[in-house]
Amino acid sequence: MSASLPHLLVVPVVLPLLAAVALLLLGDRRRRIQSLVDVGATAAGLLVALEILRRVDADGAPGSIGVYLAANWEAPFGIVLVADRLAALLLVLTGAVGLCAAVYASAAWSRAGVYFHPLFQLQLMGLNGVFLTGDLFNLFVFFEVTLAASYGLLLHGSGLARVRSGLHYLAVNLLASSLFLIGLALLYGVTGTLSMADVALALPRVPAADRGLLHTGAALLGVAFLTKAAIWPLGFWLVPAYRAASAPVAALFALMTKVGVYAVLRLSTLFFSADAGPSAGFGAPLLVYAGLATGFFGVLGLLGSLRLGHIAGFSILVSAGTLLAAVGVGVAPVTSTALYYLLSATLAASALFLLVELLEGRDGGRDRPRFAVPEDEEEEEPTEDTNLDDLEAPLVGRVIPVSLAVLGLAFMASALLVAGLPPLSGFVAKVALLAALADAVGVGSASTTAIGWLSALLLLSGLIASVALTRAGIRHLWTTADRPPPRLRVAEIVPVFALLFASAFLTVRAEPVLRYTSAAAEALHAPKAYIEAVFATRPVPGPTRPAPGAEGAP
């Protein structure tokens with residue numbers, strides 16, 4: 001591990017914070033400069049994340065885990081930032097999706113209201129902080145930073161639909177945050193610490209009389225995280241909120257449910273590993289069935305959806321349920337392929353959300369975004385005045401507009417990704433996950449029946465998503481004789497293809513990516529290296545602090 005890696009860990013948190021301050025100082029009138037600063041800061045954050053990933057993956061030794069003592073106080077007394085393979089991977093994913101959303105927003109949406117760019121950077125700051133923090137209280141702080149920024153971004157552009165869904169989103173997440181705080185208080189009361197590594201060490205030593213309080217606190221934390229991950233039946237807010245949000249905001253929100261999944265994965269493997277004594281595997285079977293319920297609810301939503309925005313929202317529920325159920329299985333190979341599935345599903349959902357506006361918002365002369373989603377959108381059905389000959393006219397001799405062809409190509413690739421069909425990364429992810437589940441029978445904490453249902457969910461979700469997306473594609477791309485061709489901005493379509501190319505990269509480089517996720521999963525299920533790395537990091541000697549072992553040192 002490079003000696004400079006710990007100092008690099010603070011950049012993903014400080015950089016967007018400084019960018020947000022600079023954007024506020026620029027004022028709302030310099031919007032072109034604001035867009036350049038927003039895109040530039042996000043691109044720089046992605047480069048930093050890639051460098052962190054490169055250094056973390058330099059070798060397989062435990063020393064590849066980077067630890068930064070934010071206040072130069074050793075653990076567990078000070079705030080620490082920790083970058084292992086999982087954190088680095090999600091930093092890169094956040095940077096990639098964030099950059100594409102920022103470029104897309106620069107075309108029009110950033111001018112639909114005030115403070116878009118500062119809120120966007122604060123959102124990135126919160127996401128990066130969640131993935132890097134090694135302290136439970138700061139996990140709560142970064143969660144709240146993320147949520148506070150998301151409230152403003154969700155309402156950006158105004159409109160009744162955004163206000164209504166925003167109120168639901170706010171109420172649910174405030175309740176989840178309250179449960180988070182109560183769970184933290186119980187956990188601190190039992191263990192006497194909020195350092196993640198220290199809690200992991202303290203759990204096996206908790207007396208039997210206090211273990212009920214411990215499990216209650218952990219359960220409250222789990223409910224808070226699962227609410228943010230849109231678990232059924234607490235995920236009713238997700239589809240309306242994501243449907244109402246502007247396209248770049250919805251694309252960035254595709255990461256929000258993954259934050260809840262990350263928290264569950266991180267804390268369940270760290271706190272309730274095989275070394276946790278009587279608490280080992282706490283809540284894992286329930287997590288499997290809750291994930292299955294969420295996934296099948298999402299499948300039903302896909303089956304009944306006609307609007308592309310709803311399809312994109314329900315696809316998020318399917319992926320979240322699949323990931324949570326895979327985490328509950330508790331086997332490293334399943335976790336490894338689930339991480340690959342997380343990458344593919346997030347990129348696909350983000351690309352699909354960006355396409356929603358380009359396909360549903362076409363009016364032939366659109367110079368500005370739709371600032372409000374109509375409260376009651378009626379489906380366009382053929383009437384007696386509709387010229388059916390136009391709808392059924394042969395395509396021979398017709399010239400397909402370039403913009404429509406580009407949209408069609410992007411939609412087809414997104415549909416293949418979401419449905420998990422060959423040859424893109426969605427298919428690789430599902431095949432790898434099915435193979436890992438077959439090998440996990442009788443090994444993990446999940447029963448054979450649960451693994452069978454999860455395998456069925458993977459297959460059924462692909463079939464239903466194919467039907468729903470084909471139906472949406474026919475509606476938006478095939479029966480378009482009475483509509484003029486869409487007008488596309490370069491800044492709108494380039495981010496879509498960038499996300500699709502990232503998914504294609506996952507396909508072409510599937511073997512090294514799966515090798516990386518396998519190393520990440522092995523480290524998660526053997527958290528000793530994480531704990532040792534945190535406690536082995538010593539403060540940097542300063543003018544008033546002698547180096548350990550020096551004369552006068554304690």
# chains A, B, ... in the order shown; residues from 1 in each chain; ligands from 1
call {"tool": "select_by_dssp", "arguments": {"residues": "region 73-264 of chain A", "states": "strand (DSSP E)", "output": "list in words"}}
result
Val80, Leu81, Val82 and Ala83 of chain A
call {"tool": "residues_around", "arguments": {"residues": "region 250-258 of chain A", "least_positions_apart": "5", "cutoff": "10 Å", "atoms": "only C-alpha atoms", "output": "compact mmCIF listing (two decimals) with C-alpha atoms, in the first residue's frame"}}
result
# COMPACT_ATOMS: atom_id res chain seq x y z
CA LEU A 90 -18.50 2.11 -4.75
CA LEU A 93 -19.44 3.80 -9.22
CA THR A 94 -20.58 7.02 -7.52
CA ALA A 96 -19.12 7.50 -12.84
CA VAL A 97 -22.86 7.91 -12.33
CA GLY A 98 -22.38 11.37 -10.81
CA LEU A 99 -20.30 12.59 -13.76
CA CYS A 100 -22.86 11.40 -16.29
CA ALA A 101 -25.71 13.00 -14.32
CA ALA A 102 -23.79 16.29 -14.00
CA TYR A 104 -26.75 15.69 -18.52
CA PHE A 120 -25.45 18.00 -6.32
CA GLN A 123 -25.05 14.74 -2.44
CA LEU A 124 -21.78 13.32 -3.77
CA LEU A 127 -22.41 9.31 -0.68
CA PHE A 143 -26.58 9.69 5.66
CA THR A 146 -27.07 12.78 1.57
CA LEU A 147 -30.74 12.97 2.49
CA SER A 150 -31.65 14.78 -1.94
CA LEU A 153 -32.73 17.85 -5.61
CA LEU A 154 -36.03 15.97 -5.62
CA PHE A 225 -31.05 0.85 6.44
CA LEU A 226 -33.69 -1.37 4.84
CA THR A 227 -36.11 1.56 4.66
CA LYS A 228 -33.50 3.53 2.76
CA ALA A 229 -32.98 0.46 0.55
CA ALA A 230 -36.77 0.48 -0.17
CA ILE A 231 -37.46 -2.94 1.34
CA GLY A 235 -40.48 1.03 -0.19
CA LEU A 238 -39.50 4.99 -4.19
CA ALA A 241 -40.33 9.89 -5.94
CA TYR A 242 -37.97 8.66 -8.63
CA ARG A 243 -40.65 9.09 -11.28
CA ALA A 244 -41.24 12.71 -10.27
CA ALA A 245 -37.56 13.67 -10.00
CA ALA A 263 -24.76 -0.41 5.05
CA VAL A 264 -26.47 -3.78 5.57
CA GLY A 309 -40.48 5.99 -15.59
CA ALA A 312 -37.24 2.18 -14.26
CA GLY A 313 -38.42 2.65 -10.67
CA ILE A 316 -34.63 -0.50 -8.84
CA LEU A 317 -36.85 -2.44 -6.43
CA SER A 319 -32.32 -5.12 -8.01
CA ALA A 320 -32.48 -3.97 -4.37
CA LEU A 323 -29.04 -7.78 -3.59
CA LEU A 324 -30.50 -7.93 -0.08
CA LEU A 342 -24.84 -4.21 -8.21
CA LEU A 343 -22.51 -2.47 -10.66
CA ALA A 345 -27.89 -2.93 -12.29
CA THR A 346 -26.97 0.58 -11.12
CA LEU A 347 -25.46 1.59 -14.45
CA ALA A 348 -28.47 0.17 -16.31
CA ALA A 349 -31.02 1.94 -14.09
CA SER A 350 -29.17 5.25 -14.34
CA ALA A 351 -29.05 5.05 -18.13
CA LEU A 352 -32.75 4.15 -18.25
CA PHE A 353 -33.71 7.11 -16.04
CA LEU A 354 -31.81 9.46 -18.37
CA LEU A 355 -33.68 7.98 -21.33
CA VAL A 356 -37.08 8.45 -19.70
call {"tool": "atom_distance", "arguments": {"atom1": "CA of Val13 (chain A)", "atom2": "CA of Met125 (chain A)"}}
result
5.1 Å
call {"tool": "residues_around", "arguments": {"residues": "Leu433 (chain A)", "least_positions_apart": "2", "cutoff": "7 Å", "atoms": "only C-alpha atoms", "output": "list in words"}}
result
Val334, Thr337, Ala338, Ala429, Lys430, Val431, Ala435, Ala436 and Leu437 of chain A
call {"tool": "write_last_selection", "arguments": {"atoms": "N, CA and C atoms", "output": "compact mmCIF listing (two decimals), in the first residue's frame"}}
result
# COMPACT_ATOMS: atom_id res chain seq x y z
N VAL A 334 -21.39 -15.83 -3.34
CA VAL A 334 -22.65 -15.15 -3.67
C VAL A 334 -22.50 -13.65 -3.51
N THR A 337 -20.53 -12.21 -6.61
CA THR A 337 -21.32 -12.01 -7.83
C THR A 337 -22.42 -10.97 -7.62
N ALA A 338 -22.89 -10.83 -6.37
CA ALA A 338 -23.88 -9.79 -6.08
C ALA A 338 -23.27 -8.40 -6.27
N ALA A 429 -23.93 -11.01 -15.06
CA ALA A 429 -24.20 -10.92 -13.62
C ALA A 429 -25.19 -11.98 -13.18
N LYS A 430 -26.26 -12.17 -13.95
CA LYS A 430 -27.28 -13.15 -13.55
C LYS A 430 -26.76 -14.58 -13.64
N VAL A 431 -26.01 -14.88 -14.70
CA VAL A 431 -25.47 -16.24 -14.84
C VAL A 431 -24.49 -16.53 -13.70
N ALA A 435 -25.01 -19.36 -10.75
CA ALA A 435 -24.01 -20.41 -10.49
C ALA A 435 -23.55 -20.38 -9.04
N ALA A 436 -23.35 -19.18 -8.49
CA ALA A 436 -22.92 -19.07 -7.09
C ALA A 436 -24.01 -19.56 -6.15
N LEU A 437 -25.26 -19.29 -6.47
CA LEU A 437 -26.36 -19.77 -5.63
C LEU A 437 -26.46 -21.29 -5.67
call {"tool": "closest_residue", "arguments": {"among": "A:Ala523, A:Ala200, A:Ala332, A:Val327", "to": "Phe272 (chain A)", "atoms": "only C-alpha atoms"}}
result
A:Ala200
call {"tool": "closest_residue", "arguments": {"among": "A:Leu359, A:Leu267, A:Leu5, A:Val82", "to": "Gly473 (chain A)", "atoms": "only C-alpha atoms"}}
result
A:Leu359
call {"tool": "atom_distance", "arguments": {"atom1": "CA of Leu306 (chain A)", "atom2": "CA of Phe236 (chain A)"}}
result
17.9 Å
call {"tool": "atom_distance", "arguments": {"atom1": "CA of Val92 (chain A)", "atom2": "CA of Leu50 (chain A)"}}
result
6.0 Å
call {"tool": "closest_residue", "arguments": {"among": "A:Leu457, A:Ala405, A:Ala465, A:Leu86", "to": "Tyr530 (chain A)", "atoms": "only C-alpha atoms"}}
result
A:Leu86
call {"tool": "closest_residue", "arguments": {"among": "A:Val80, A:Val329, A:Ala280, A:Leu407", "to": "Glu360 (chain A)", "atoms": "only C-alpha atoms"}}
result
A:Leu407
call {"tool": "select_by_dssp", "arguments": {"residues": "region 185-302 of chain A", "states": "alpha helix (DSSP H)", "output": "ChimeraX atom specification"}}
result
/A:185-191,196-202,211-228,238-244,247-253,256-271,284-302
call {"tool": "closest_residue", "arguments": {"among": "A:Val331, A:Ala58, A:Leu46, A:Leu302", "to": "Gly442 (chain A)", "atoms": "only C-alpha atoms"}}
result
A:Val331
call {"tool": "residues_around", "arguments": {"residues": "Ile464 (chain A)", "least_positions_apart": "5", "cutoff": "8 Å", "atoms": "only C-alpha atoms", "output": "ChimeraX atom specification"}}
result
/A:299,302-303,419
call {"tool": "residues_around", "arguments": {"residues": "region 291-294 of chain A", "least_positions_apart": "2", "cutoff": "8 Å", "atoms": "only C-alpha atoms", "output": "NGL selection string"}}
result
:A and (231-233 or 287-289 or 296-298 or 317-318 or 320-325 or 453-454 or 457)
call {"tool": "closest_residue", "arguments": {"among": "A:Val540, A:Ala218, A:Met412, A:Val14", "to": "Gly129 (chain A)", "atoms": "only C-alpha atoms"}}
result
A:Val14
